[in-house]
>>> print(open('start-v2.txt').read())   # compact mmCIF, C-alpha atoms
# COMPACT_ATOMS: atom_id res chain seq x y z
CA MET A 1 -19.66 -2.28 -8.55
CA LEU A 2 -22.71 -0.48 -7.25
CA SER A 3 -25.29 0.39 -9.86
CA ASN A 4 -26.71 3.83 -10.53
CA ILE A 5 -24.20 5.86 -8.52
CA GLU A 6 -25.62 9.11 -9.91
CA LYS A 7 -29.08 8.34 -8.48
CA LEU A 8 -27.57 7.27 -5.16
CA LEU A 9 -25.59 10.50 -4.84
CA ASP A 10 -28.52 12.62 -6.03
CA ASP A 11 -30.71 11.10 -3.33
CA PHE A 12 -28.01 11.68 -0.71
CA VAL A 13 -27.69 15.35 -1.67
CA LYS A 14 -31.48 15.72 -1.22
CA VAL A 15 -31.33 14.08 2.22
CA ALA A 16 -28.35 16.23 3.22
CA ASN A 17 -30.08 19.42 2.09
CA ILE A 18 -33.24 18.47 4.00
CA SER A 19 -30.99 17.88 7.01
CA GLY A 20 -29.58 21.41 6.81
CA PHE A 21 -26.37 20.87 4.85
CA ASP A 22 -25.87 23.23 1.91
CA ILE A 23 -24.14 20.85 -0.53
CA ASP A 24 -24.42 19.84 -4.15
CA TYR A 25 -23.49 16.78 -6.19
CA LYS A 26 -19.81 17.88 -6.39
CA THR A 27 -19.44 17.62 -2.60
CA VAL A 28 -19.09 13.82 -2.67
CA VAL A 29 -16.41 12.31 -4.90
CA TYR A 30 -16.85 8.66 -5.88
CA GLU A 31 -14.00 6.22 -6.58
CA ALA A 32 -14.26 2.52 -7.49
CA TRP A 33 -11.67 -0.15 -6.70
CA PRO A 34 -12.91 -3.28 -8.48
CA ALA A 35 -11.57 -6.67 -7.41
CA PRO A 36 -8.76 -7.40 -7.34
CA HIS A 37 -7.92 -4.13 -5.65
CA LYS A 38 -4.90 -2.63 -3.92
CA PRO A 39 -5.70 -0.29 -1.01
CA LYS A 40 -4.31 3.24 -1.16
CA SER A 41 -3.95 5.90 1.51
CA LEU A 42 -6.76 8.27 2.36
CA PRO A 43 -6.26 11.51 0.39
CA VAL A 44 -5.12 14.52 2.43
CA ASN A 45 -7.93 16.62 3.94
CA LYS A 46 -10.54 14.01 3.02
CA GLN A 47 -12.82 11.79 5.03
CA ALA A 48 -14.59 8.85 3.48
CA VAL A 49 -17.35 6.31 3.55
CA TYR A 50 -16.35 2.98 2.02
CA VAL A 51 -18.45 0.11 0.71
CA PHE A 52 -17.21 -3.47 0.36
CA SER A 53 -19.30 -5.73 -1.89
CA MET A 54 -19.12 -8.94 -3.87
CA PRO A 55 -18.62 -8.51 -7.64
CA THR A 56 -21.53 -10.76 -8.56
CA SER A 57 -24.87 -10.33 -10.25
CA THR A 58 -26.59 -10.33 -6.84
CA LYS A 59 -24.31 -7.51 -5.66
CA LYS A 60 -24.17 -8.44 -2.00
CA VAL A 61 -22.96 -5.48 0.02
CA LEU A 62 -20.79 -6.75 2.85
CA LYS A 63 -19.88 -3.67 4.88
CA VAL A 64 -20.30 0.09 4.90
CA GLY A 65 -18.07 2.16 7.15
CA LYS A 66 -16.63 5.61 7.64
CA VAL A 67 -13.23 7.05 8.33
CA GLY A 68 -12.21 10.50 9.46
CA SER A 69 -9.35 12.44 7.93
CA LYS A 70 -6.90 11.40 10.66
CA SER A 71 -7.62 7.64 10.43
CA ASN A 72 -5.51 6.48 7.51
CA ALA A 73 -4.84 3.06 9.12
CA ARG A 74 -8.57 2.38 9.22
CA PHE A 75 -8.90 3.34 5.56
CA LEU A 76 -5.75 1.63 4.31
CA SER A 77 -5.32 -1.61 6.19
CA GLN A 78 -7.58 -2.49 9.11
CA HIS A 79 -10.30 -4.23 7.09
CA TYR A 80 -7.70 -6.61 5.65
CA ASN A 81 -6.31 -7.72 9.04
CA PRO A 82 -8.86 -9.40 11.32
CA ASN A 83 -6.82 -8.64 14.46
CA SER A 84 -6.41 -4.92 13.77
CA SER A 85 -9.62 -3.54 15.30
CA LYS A 86 -12.89 -4.57 16.97
CA SER A 87 -14.93 -4.32 13.80
CA ASN A 88 -13.50 -4.99 10.36
CA LEU A 89 -14.50 -6.91 7.25
CA SER A 90 -11.94 -9.71 7.58
CA SER A 91 -12.90 -10.54 11.17
CA SER A 92 -16.63 -10.42 10.27
CA ILE A 93 -16.12 -12.95 7.49
CA LEU A 94 -14.12 -15.28 9.74
CA LYS A 95 -16.66 -15.02 12.59
CA HIS A 96 -19.72 -15.80 10.44
CA SER A 97 -19.14 -19.34 9.23
CA GLU A 98 -22.69 -19.48 7.81
CA MET A 99 -21.80 -16.71 5.34
CA ARG A 100 -18.39 -18.06 4.34
CA LEU A 101 -19.75 -20.74 2.01
CA GLU A 102 -22.13 -18.25 0.38
CA LEU A 103 -19.25 -15.83 -0.19
CA GLY A 104 -16.92 -18.53 -1.49
CA VAL A 105 -14.56 -18.42 1.48
CA GLY A 106 -13.36 -21.91 2.37
CA ASP A 107 -12.80 -23.28 5.85
CA ASP A 108 -9.05 -23.13 5.26
CA PHE A 109 -9.01 -19.34 5.54
CA ASP A 110 -7.66 -17.83 8.73
CA THR A 111 -6.21 -14.61 10.09
CA LEU A 112 -3.13 -14.95 7.88
CA ASN A 113 -4.82 -15.19 4.48
CA ILE A 114 -8.31 -13.67 4.72
CA GLY A 115 -6.99 -10.17 3.96
CA SER A 116 -5.51 -11.35 0.67
CA TRP A 117 -8.82 -13.03 -0.19
CA VAL A 118 -10.68 -9.74 0.42
CA LYS A 119 -8.30 -7.81 -1.85
CA GLU A 120 -8.61 -10.43 -4.60
CA ASN A 121 -12.37 -11.07 -4.44
CA VAL A 122 -14.18 -8.02 -3.06
CA ASP A 123 -15.00 -4.72 -4.74
CA ARG A 124 -14.42 -1.55 -2.74
CA GLU A 125 -16.00 1.80 -3.43
CA ASN A 126 -15.10 5.04 -1.68
CA PHE A 127 -17.12 8.20 -1.25
CA TYR A 128 -14.88 11.15 -0.31
CA ILE A 129 -15.92 14.37 1.42
CA GLU A 130 -13.64 17.29 2.23
CA SER A 131 -12.78 17.36 5.95
CA GLN A 132 -14.07 20.93 6.23
CA HIS A 133 -17.64 19.60 5.90
CA GLY A 134 -17.30 17.94 9.31
CA LYS A 135 -18.12 14.60 10.85
CA LEU A 136 -21.90 15.05 10.90
CA LEU A 137 -22.12 15.05 7.12
CA LEU A 138 -19.81 12.02 7.03
CA SER A 139 -22.03 10.19 9.53
CA LEU A 140 -25.12 11.10 7.52
CA LEU A 141 -23.56 9.65 4.36
CA GLU A 142 -22.59 6.45 6.20
CA ILE A 143 -26.06 5.86 7.62
CA PHE A 144 -27.71 6.80 4.31
CA LEU A 145 -25.60 4.19 2.48
CA GLN A 146 -26.23 1.60 5.20
CA CYS A 147 -29.99 2.15 4.92
CA ARG A 148 -29.95 2.11 1.12
CA LEU A 149 -27.52 -0.79 0.63
CA LYS A 150 -28.35 -2.99 3.65
CA PRO A 151 -24.89 -4.50 4.23
CA ILE A 152 -24.57 -8.03 5.62
CA PHE A 153 -21.94 -7.13 8.24
CA GLU A 154 -22.34 -4.13 10.52
CA GLY A 155 -21.33 -3.41 14.06
>>> encode(input="start-v2.txt", output="structure tokens")
Amino acid sequence: MLSNIEKLLDDFVKVANISGFDIDYKTVVYEAWPAPHKPKSLPVNKQAVYVFSMPTSTKKVLKVGKVGSKSNARFLSQHYNPNSSKSNLSSSILKHSEMRLELGVGDDFDTLNIGSWVKENVDRENFYIESQHGKLLLSLLEIFLQCRLKPIFEG
């Protein structure tokens, strides 16, 4: 799991306030799904930024993404099915053969079993914001976490 979540969220609140958002540390709710994890639906009236990372000492962050309140499929299932959308974690892992060995993904993984591998071997952390705060704050949180965490897969 990510280290020093309190510092990360404190820094985000500072950036958001500088950017004109009147928020405090209670605005963003953090939830950890350590590997193995089972995806759950996006809570009602919430939007989220999610972080997928390897549960190792090096803490490689794989992907950071966002989802609006009306995109439950994106939050719940798309990153576990490489054919579900243009950009998702499973398809990124399959496309980047040079990273598969480093991540411990064998050559025998394909579109049928990569989603199960992700659920079994990858940590997921979610940062929830009430929908009423709007998409700009959500986008700011996503880009802040991308800049801070430097994920391997983006796009």
>>> residues_around(input="start-v2.txt", residues="stretch 53-57 of chain A", least_positions_apart="3", cutoff="7 Å", atoms="only C-alpha atoms", output="list in words")
Met1, Lys60, Val61, Leu62, Val122, Asp123 and Arg124 of chain A
>>> closest_residue(input="start-v2.txt", among="A:Leu89, A:Val13, A:Val64, A:Leu149", to="A:Ser116", atoms="only C-alpha atoms")
A:Leu89
>>> atom_distance(input="start-v2.txt", atom1="atom CA of A:Ile152", atom2="atom CA of A:Tyr50")
14.2 Å
>>> atom_distance(input="start-v2.txt", atom1="atom CA of A:Gln146", atom2="atom CA of A:Gly134")
19.1 Å
>>> residues_around(input="start-v2.txt", residues="A:His133", least_positions_apart="2", cutoff="10 Å", atoms="all atoms listed in the file", output="list of chain:residue names")
A:Phe21, A:Asp22, A:Ile23, A:Thr27, A:Lys46, A:Gln47, A:Ile129, A:Glu130, A:Ser131, A:Lys135, A:Leu136, A:Leu137, A:Leu138
>>> closest_residue(input="start-v2.txt", among="A:Pro151, A:Gly20, A:Pro82, A:Pro43", to="A:Ile114", atoms="all atoms listed in the file")
A:Pro82
>>> closest_residue(input="start-v2.txt", among="A:Lys14, A:Ser97, A:Leu145, A:Ser92", to="A:Phe127", atoms="all atoms listed in the file")
A:Leu145
>>> atom_distance(input="start-v2.txt", atom1="atom CA of A:Val105", atom2="atom CA of A:Asn88")
16.1 Å
>>> closest_residue(input="start-v2.txt", among="A:Leu94, A:Leu112, A:Leu141, A:Ala32", to="A:Val67", atoms="all atoms listed in the file")
A:Leu141
>>> closest_residue(input="start-v2.txt", among="A:Asn126, A:Ser84, A:Gln78, A:Ser71", to="A:Ile5", atoms="all atoms listed in the file")
A:Asn126
>>> closest_residue(input="start-v2.txt", among="A:Tyr30, A:Val51, A:Gly115, A:Phe153", to="A:His96", atoms="all atoms listed in the file")
A:Phe153
